[in-house]
Every structure is written in structure tokens, then in C-alpha cells.
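target26.cif (mmCIF, C-alpha atoms)
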data_data
#
loop_
_atom_site.group_PDB
_atom_site.id
_atom_site.type_symbol
_atom_site.label_atom_id
_atom_site.label_comp_id
_atom_site.auth_asym_id
_atom_site.auth_seq_id
_atom_site.Cartn_x
_atom_site.Cartn_y
_atom_site.Cartn_z
ATOM 1 C CA THR A 729 10.397 -11.015 -13.273
ATOM 2 C CA TYR A 730 8.205 -8.032 -12.609
ATOM 3 C CA GLY A 731 5.278 -10.370 -11.989
ATOM 4 C CA GLU A 732 7.215 -12.351 -9.408
ATOM 5 C CA LEU A 733 8.257 -9.157 -7.638
ATOM 6 C CA ARG A 734 4.656 -7.910 -7.613
ATOM 7 C CA ASP A 735 3.543 -11.212 -6.095
ATOM 8 C CA GLU A 736 6.210 -11.027 -3.354
ATOM 9 C CA ILE A 737 5.146 -7.464 -2.530
ATOM 10 C CA ALA A 738 1.452 -8.386 -2.482
ATOM 11 C CA THR A 739 2.129 -11.390 -0.243
ATOM 12 C CA LEU A 740 4.094 -9.330 2.279
ATOM 13 C CA ALA A 741 1.461 -6.576 2.154
ATOM 14 C CA ALA A 742 -1.186 -9.184 3.000
ATOM 15 C CA VAL A 743 0.901 -10.442 5.934
ATOM 16 C CA LEU A 744 1.360 -6.873 7.179
ATOM 17 C CA THR A 745 -2.400 -6.327 6.872
ATOM 18 C CA ASP A 746 -2.985 -9.468 8.935
ATOM 19 C CA LEU A 747 -0.622 -7.977 11.553
ATOM 20 C CA GLY A 748 -2.801 -4.858 11.715
ATOM 21 C CA VAL A 749 -0.789 -2.498 9.501
ATOM 22 C CA GLY A 750 -2.869 -0.032 7.516
ATOM 23 C CA LYS A 751 -2.714 3.401 5.958
ATOM 24 C CA GLY A 752 -0.636 5.810 8.031
ATOM 25 C CA ASP A 753 0.785 3.136 10.328
ATOM 26 C CA ARG A 754 4.543 2.895 10.704
ATOM 27 C CA VAL A 755 6.876 -0.035 10.056
ATOM 28 C CA VAL A 756 10.580 -0.138 10.930
ATOM 29 C CA ILE A 757 12.713 -2.134 8.509
ATOM 30 C CA TYR A 758 15.905 -3.363 10.221
ATOM 31 C CA MET A 759 17.703 -5.240 7.456
ATOM 32 C CA PRO A 760 20.897 -5.300 5.475
ATOM 33 C CA MET A 761 20.868 -4.260 1.834
ATOM 34 C CA VAL A 762 19.046 -7.312 0.516
ATOM 35 C CA PRO A 763 16.166 -7.497 -1.982
ATOM 36 C CA GLU A 764 13.763 -8.384 0.832
ATOM 37 C CA ALA A 765 14.307 -4.935 2.344
ATOM 38 C CA MET A 766 13.063 -3.356 -0.873
ATOM 39 C CA VAL A 767 10.093 -5.735 -0.924
ATOM 40 C CA GLY A 768 9.286 -4.531 2.603
ATOM 41 C CA MET A 769 9.453 -0.893 1.524
ATOM 42 C CA LEU A 770 7.192 -1.501 -1.465
ATOM 43 C CA ALA A 771 4.730 -3.562 0.605
ATOM 44 C CA CYS A 772 4.429 -0.619 2.997
ATOM 45 C CA ALA A 773 3.852 1.733 0.080
ATOM 46 C CA ARG A 774 1.169 -0.598 -1.265
ATOM 47 C CA LEU A 775 -0.697 -0.266 2.036
ATOM 48 C CA GLY A 776 -0.085 3.443 2.526
ATOM 49 C CA ALA A 777 2.046 2.690 5.582
ATOM 50 C CA VAL A 778 5.139 4.713 6.407
ATOM 51 C CA HIS A 779 8.418 2.818 6.569
ATOM 52 C CA SER A 780 11.579 3.798 8.383
ATOM 53 C CA VAL A 781 14.735 2.009 7.284
ATOM 54 C CA VAL A 782 17.327 1.308 9.948
ATOM 55 C CA PHE A 783 20.191 -0.448 8.263
ATOM 56 C CA GLY A 784 21.166 -3.646 9.983
ATOM 57 C CA GLY A 785 23.987 -3.704 12.455
ATOM 58 C CA PHE A 786 22.952 -0.522 14.300
ATOM 59 C CA ALA A 787 23.630 -0.907 18.003
ATOM 60 C CA ALA A 788 20.651 -1.853 20.166
ATOM 61 C CA ASN A 789 20.491 1.543 21.903
ATOM 62 C CA GLU A 790 20.441 3.395 18.564
ATOM 63 C CA LEU A 791 17.771 1.065 17.205
ATOM 64 C CA ALA A 792 15.758 1.608 20.409
ATOM 65 C CA LYS A 793 15.829 5.374 19.813
ATOM 66 C CA ARG A 794 14.504 4.896 16.297
ATOM 67 C CA ILE A 795 11.768 2.542 17.510
ATOM 68 C CA GLU A 796 10.725 5.089 20.137
ATOM 69 C CA ASP A 797 10.698 7.856 17.551
ATOM 70 C CA ALA A 798 8.783 5.978 14.835
ATOM 71 C CA GLN A 799 6.462 4.032 17.165
ATOM 72 C CA PRO A 800 6.002 1.233 14.605
ATOM 73 C CA LYS A 801 3.242 -1.342 14.679
ATOM 74 C CA VAL A 802 5.618 -3.875 13.143
ATOM 75 C CA VAL A 803 9.359 -4.319 12.781
ATOM 76 C CA LEU A 804 10.607 -6.187 9.718
ATOM 77 C CA ALA A 805 14.089 -7.560 10.362
ATOM 78 C CA ALA A 806 16.595 -10.057 9.057
ATOM 79 C CA SER A 807 18.076 -12.755 11.252
ATOM 80 C CA CYS A 808 21.583 -11.548 10.443
ATOM 81 C CA GLY A 809 23.848 -9.472 8.279
ATOM 82 C CA LEU A 810 27.004 -10.569 6.509
ATOM 83 C CA GLU A 811 30.259 -8.676 6.800
ATOM 84 C CA PRO A 812 33.508 -9.674 5.080
ATOM 85 C CA ASN A 813 34.848 -11.634 8.060
ATOM 86 C CA ARG A 814 31.825 -12.301 10.238
ATOM 87 C CA VAL A 815 28.108 -12.858 10.568
ATOM 88 C CA VAL A 816 26.258 -10.259 12.662
ATOM 89 C CA ALA A 817 23.189 -11.654 14.448
ATOM 90 C CA TYR A 818 20.431 -9.022 14.297
ATOM 91 C CA LYS A 819 17.769 -10.722 16.414
ATOM 92 C CA PRO A 820 19.644 -10.270 19.744
ATOM 93 C CA LEU A 821 20.174 -6.593 18.864
ATOM 94 C CA LEU A 822 16.481 -6.233 18.017
ATOM 95 C CA ASP A 823 15.425 -7.946 21.250
ATOM 96 C CA ALA A 824 17.670 -5.647 23.307
ATOM 97 C CA ALA A 825 16.350 -2.587 21.459
ATOM 98 C CA ILE A 826 12.724 -3.510 22.103
ATOM 99 C CA THR A 827 13.502 -4.133 25.773
ATOM 100 C CA ALA A 828 15.189 -0.723 26.026
ATOM 101 C CA SER A 829 12.509 1.142 24.065
ATOM 102 C CA ALA A 830 9.543 2.776 25.744
ATOM 103 C CA HIS A 831 7.461 1.800 22.679
ATOM 104 C CA LYS A 832 6.823 -1.893 22.051
ATOM 105 C CA PRO A 833 5.832 -2.864 18.495
ATOM 106 C CA ASP A 834 2.876 -5.218 18.179
ATOM 107 C CA SER A 835 4.828 -7.689 16.033
ATOM 108 C CA CYS A 836 8.215 -8.494 14.568
ATOM 109 C CA LEU A 837 8.582 -10.373 11.309
ATOM 110 C CA ILE A 838 12.014 -11.946 10.770
ATOM 111 C CA PHE A 839 13.506 -12.821 7.395
ATOM 112 C CA GLN A 840 15.450 -16.007 8.129
ATOM 113 C CA ARG A 841 18.846 -16.102 6.481
ATOM 114 C CA PRO A 842 20.646 -19.475 6.372
ATOM 115 C CA GLN A 843 23.830 -18.111 7.936
ATOM 116 C CA CYS A 844 22.132 -17.458 11.312
ATOM 117 C CA ARG A 845 18.696 -18.682 12.306
ATOM 118 C CA ALA A 846 16.740 -16.502 14.720
#

Could you write out this structure as C-alpha cells?
Amino acid sequence: TYGELRDEIATLAAVLTDLGVGKGDRVVIYMPMVPEAMVGMLACARLGAVHSVVFGGFAANELAKRIEDAQPKVVLAASCGLEPNRVVAYKPLLDAAITASAHKPDSCLIFQRPQCRA
């Protein structure tokens, strides 16, 4: 329902606030096309934070470039993405991207999917 969606957005916005995200701060969303990605976008909007969506599965070096460019306080990511014949683990790609990036986000928040725990 709309009320349930509003509650999910408010909850994530509160978590982002606890992680130090405020108006004008940036958040990178590294997720597949799942409802939680939209909740992340709307939670950022609720706080006045800027979000940059990097669809899941981007190679680590490309994700690193986007992290350097956006300089996010937080990265919201999923543990994995699902393709027709395989599961793509996102957390190792995210870890490699953060290692390669000159900018290090303060926090990463991972949406755990049952197909691959991070």
C-alpha cells in the first residue's frame, strides 16, 4: 500500500540520517532494478540528498569512476543481481571499486538478497 511504501521510505531515510546523510549530500545506489532501489531514491529525495544510480553489474573500475565523480557519503547496494543463467555477486565488485577509488564513502548499506549473502 501507499502507507507501507511511505513507511519503508521513512525508515531508510532515518537510517541514512543516522549515517550522516543530509541535504545536498550524495548517495550512490548500486542495485539491480528492484523495488528497494526506488525506495533508496525516494529516501534520498526525502532528505534532500542527491542520488546517483549505477545499475548493478557494472565492472569495478567503472563503478570506481562513478564513486570518485559523485563522492558519496553512503553507497546503497544489493548483495547480488540475478541474470537468466547466473547470480552476479555485487559486494566483491563494490569492494574492488572502493579500493580502486580515490574517494572512500563513509558507509555502505547492503540489501541482502537470499540468492547471495554478502

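For Pro820 in chain A, the list of residues within 12 Å, based on all atoms listed in the file and with local chain neighbours fewer than 3 positions off taken out, reads Gly784, Gly785, Phe786, Ala787, Ala788, Leu791, Ala805, Ala806, Ser807, Cys808, Val816, Ala817, Asp823, Ala824, Ala825, Ile826, Thr827, Ile838, Cys844, Arg845 and Ala846 of chain A.
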
Check what the PyMOL selection byres ((chain A and resi 734) around 12) selects in the file above and give those residues as a PDB file with C-alpha atoms, in the coordinates of the input.
ATOM      1  CA  THR A 729      10.397 -11.015 -13.273  1.00  0.00           C
ATOM      2  CA  TYR A 730       8.205  -8.032 -12.609  1.00  0.00           C
ATOM      3  CA  GLY A 731       5.278 -10.370 -11.989  1.00  0.00           C
ATOM      4  CA  GLU A 732       7.215 -12.351  -9.408  1.00  0.00           C
ATOM      5  CA  LEU A 733       8.257  -9.157  -7.638  1.00  0.00           C
ATOM      6  CA  ASP A 735       3.543 -11.212  -6.095  1.00  0.00           C
ATOM      7  CA  GLU A 736       6.210 -11.027  -3.354  1.00  0.00           C
ATOM      8  CA  ILE A 737       5.146  -7.464  -2.530  1.00  0.00           C
ATOM      9  CA  ALA A 738       1.452  -8.386  -2.482  1.00  0.00           C
ATOM     10  CA  THR A 739       2.129 -11.390  -0.243  1.00  0.00           C
ATOM     11  CA  LEU A 740       4.094  -9.330   2.279  1.00  0.00           C
ATOM     12  CA  ALA A 741       1.461  -6.576   2.154  1.00  0.00           C
ATOM     13  CA  MET A 766      13.063  -3.356  -0.873  1.00  0.00           C
ATOM     14  CA  VAL A 767      10.093  -5.735  -0.924  1.00  0.00           C
ATOM     15  CA  GLY A 768       9.286  -4.531   2.603  1.00  0.00           C
ATOM     16  CA  LEU A 770       7.192  -1.501  -1.465  1.00  0.00           C
ATOM     17  CA  ALA A 771       4.730  -3.562   0.605  1.00  0.00           C
ATOM     18  CA  ARG A 774       1.169  -0.598  -1.265  1.00  0.00           C
TER      19      ARG A 774
END

Using the chain letters and numbers from the file, which residues does the PyMOL selection byres ((chain A and resi 759) around 9) grab, as a ChimeraX atom specification?
/A:757-758,760-762,764-765,781-785,804-809,818,839

Box time for range 806-815 of chain A: axis-aligned, enclosing all its listed atoms, 5 Å extra on each side; report centre and edge lengths in Å to one decimal, as JSON.
{"center_x": 25.7, "center_y": -10.8, "center_z": 8.2, "size_x": 28.3, "size_y": 14.2, "size_z": 16.2}

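In this model, the gap between CA of Ala777 in chain A and CA of Asp834 in chain A comes to 14.9 Å.
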
Which residue gives the smallest distance to Gly776 in chain A among A:Leu744, A:Ala792, A:Val803, A:Leu837, with only C-alpha atoms counted?
A:Leu744

In Å, rounded to a single decimal, give me how far CA of Asp746 in chain A is from CA of Glu790 in chain A.
28.4 Å

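Distance annotation: of A:Val756, A:Val749, A:Val802, A:Ile795, the residue with the minimal separation from Cys836 in chain A is A:Val802; atom set is all atoms listed in the file.
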
Could you add the missing atoms to range 752-780 of chain A, up to N, CA and C atoms, and return them as a tab-separated table (two decimals), keeping the file's coordinate frame?
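Once written, out33.tsv looks like this:
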chain	number	residue	atom	x	y	z
A	752	GLY	N	-1.13	4.90	7.01
A	752	GLY	CA	-0.64	5.81	8.03
A	752	GLY	C	0.12	5.15	9.17
A	753	ASP	N	0.02	3.83	9.29
A	753	ASP	CA	0.78	3.14	10.33
A	753	ASP	C	2.26	3.13	9.95
A	754	ARG	N	3.10	2.88	10.94
A	754	ARG	CA	4.54	2.90	10.70
A	754	ARG	C	5.13	1.50	10.87
A	755	VAL	N	6.15	1.23	10.04
A	755	VAL	CA	6.88	-0.04	10.06
A	755	VAL	C	8.36	0.30	10.03
A	756	VAL	N	9.12	-0.28	10.96
A	756	VAL	CA	10.58	-0.14	10.93
A	756	VAL	C	11.15	-1.34	10.19
A	757	ILE	N	12.04	-1.08	9.27
A	757	ILE	CA	12.71	-2.13	8.51
A	757	ILE	C	14.17	-2.15	8.95
A	758	TYR	N	14.55	-3.21	9.67
A	758	TYR	CA	15.90	-3.36	10.22
A	758	TYR	C	16.57	-4.52	9.48
A	759	MET	N	17.16	-4.21	8.33
A	759	MET	CA	17.70	-5.24	7.46
A	759	MET	C	18.97	-4.75	6.78
A	760	PRO	N	19.77	-5.70	6.32
A	760	PRO	CA	20.90	-5.30	5.48
A	760	PRO	C	20.38	-4.96	4.08
A	761	MET	N	21.27	-4.60	3.20
A	761	MET	CA	20.87	-4.26	1.83
A	761	MET	C	20.65	-5.54	1.03
A	762	VAL	N	19.46	-6.10	1.21
A	762	VAL	CA	19.05	-7.31	0.52
A	762	VAL	C	17.75	-7.01	-0.21
A	763	PRO	N	17.41	-7.77	-1.24
A	763	PRO	CA	16.17	-7.50	-1.98
A	763	PRO	C	14.92	-7.51	-1.10
A	764	GLU	N	14.92	-8.31	-0.05
A	764	GLU	CA	13.76	-8.38	0.83
A	764	GLU	C	13.49	-7.06	1.55
A	765	ALA	N	14.51	-6.26	1.75
A	765	ALA	CA	14.31	-4.93	2.34
A	765	ALA	C	13.49	-4.06	1.39
A	766	MET	N	13.81	-4.13	0.12
A	766	MET	CA	13.06	-3.36	-0.87
A	766	MET	C	11.63	-3.87	-0.98
A	767	VAL	N	11.45	-5.18	-0.90
A	767	VAL	CA	10.09	-5.74	-0.92
A	767	VAL	C	9.30	-5.19	0.26
A	768	GLY	N	9.94	-5.09	1.43
A	768	GLY	CA	9.29	-4.53	2.60
A	768	GLY	C	8.87	-3.09	2.38
A	769	MET	N	9.77	-2.30	1.80
A	769	MET	CA	9.45	-0.89	1.52
A	769	MET	C	8.26	-0.78	0.58
A	770	LEU	N	8.26	-1.57	-0.48
A	770	LEU	CA	7.19	-1.50	-1.46
A	770	LEU	C	5.88	-2.05	-0.91
A	771	ALA	N	5.95	-3.04	-0.03
A	771	ALA	CA	4.73	-3.56	0.60
A	771	ALA	C	4.10	-2.48	1.49
A	772	CYS	N	4.95	-1.74	2.19
A	772	CYS	CA	4.43	-0.62	3.00
A	772	CYS	C	3.76	0.42	2.10
A	773	ALA	N	4.42	0.75	1.01
A	773	ALA	CA	3.85	1.73	0.08
A	773	ALA	C	2.51	1.26	-0.47
A	774	ARG	N	2.41	-0.03	-0.74
A	774	ARG	CA	1.17	-0.60	-1.26
A	774	ARG	C	0.01	-0.39	-0.29
A	775	LEU	N	0.34	-0.42	1.01
A	775	LEU	CA	-0.70	-0.27	2.04
A	775	LEU	C	-0.91	1.18	2.46
A	776	GLY	N	-0.02	2.07	2.06
A	776	GLY	CA	-0.08	3.44	2.53
A	776	GLY	C	0.55	3.61	3.89
A	777	ALA	N	1.34	2.62	4.30
A	777	ALA	CA	2.05	2.69	5.58
A	777	ALA	C	3.37	3.42	5.38
A	778	VAL	N	3.87	3.99	6.44
A	778	VAL	CA	5.14	4.71	6.41
A	778	VAL	C	6.22	3.75	6.88
A	779	HIS	N	7.32	3.68	6.12
A	779	HIS	CA	8.42	2.82	6.57
A	779	HIS	C	9.62	3.67	6.96
A	780	SER	N	10.35	3.17	7.94
A	780	SER	CA	11.58	3.80	8.38
A	780	SER	C	12.66	2.74	8.30
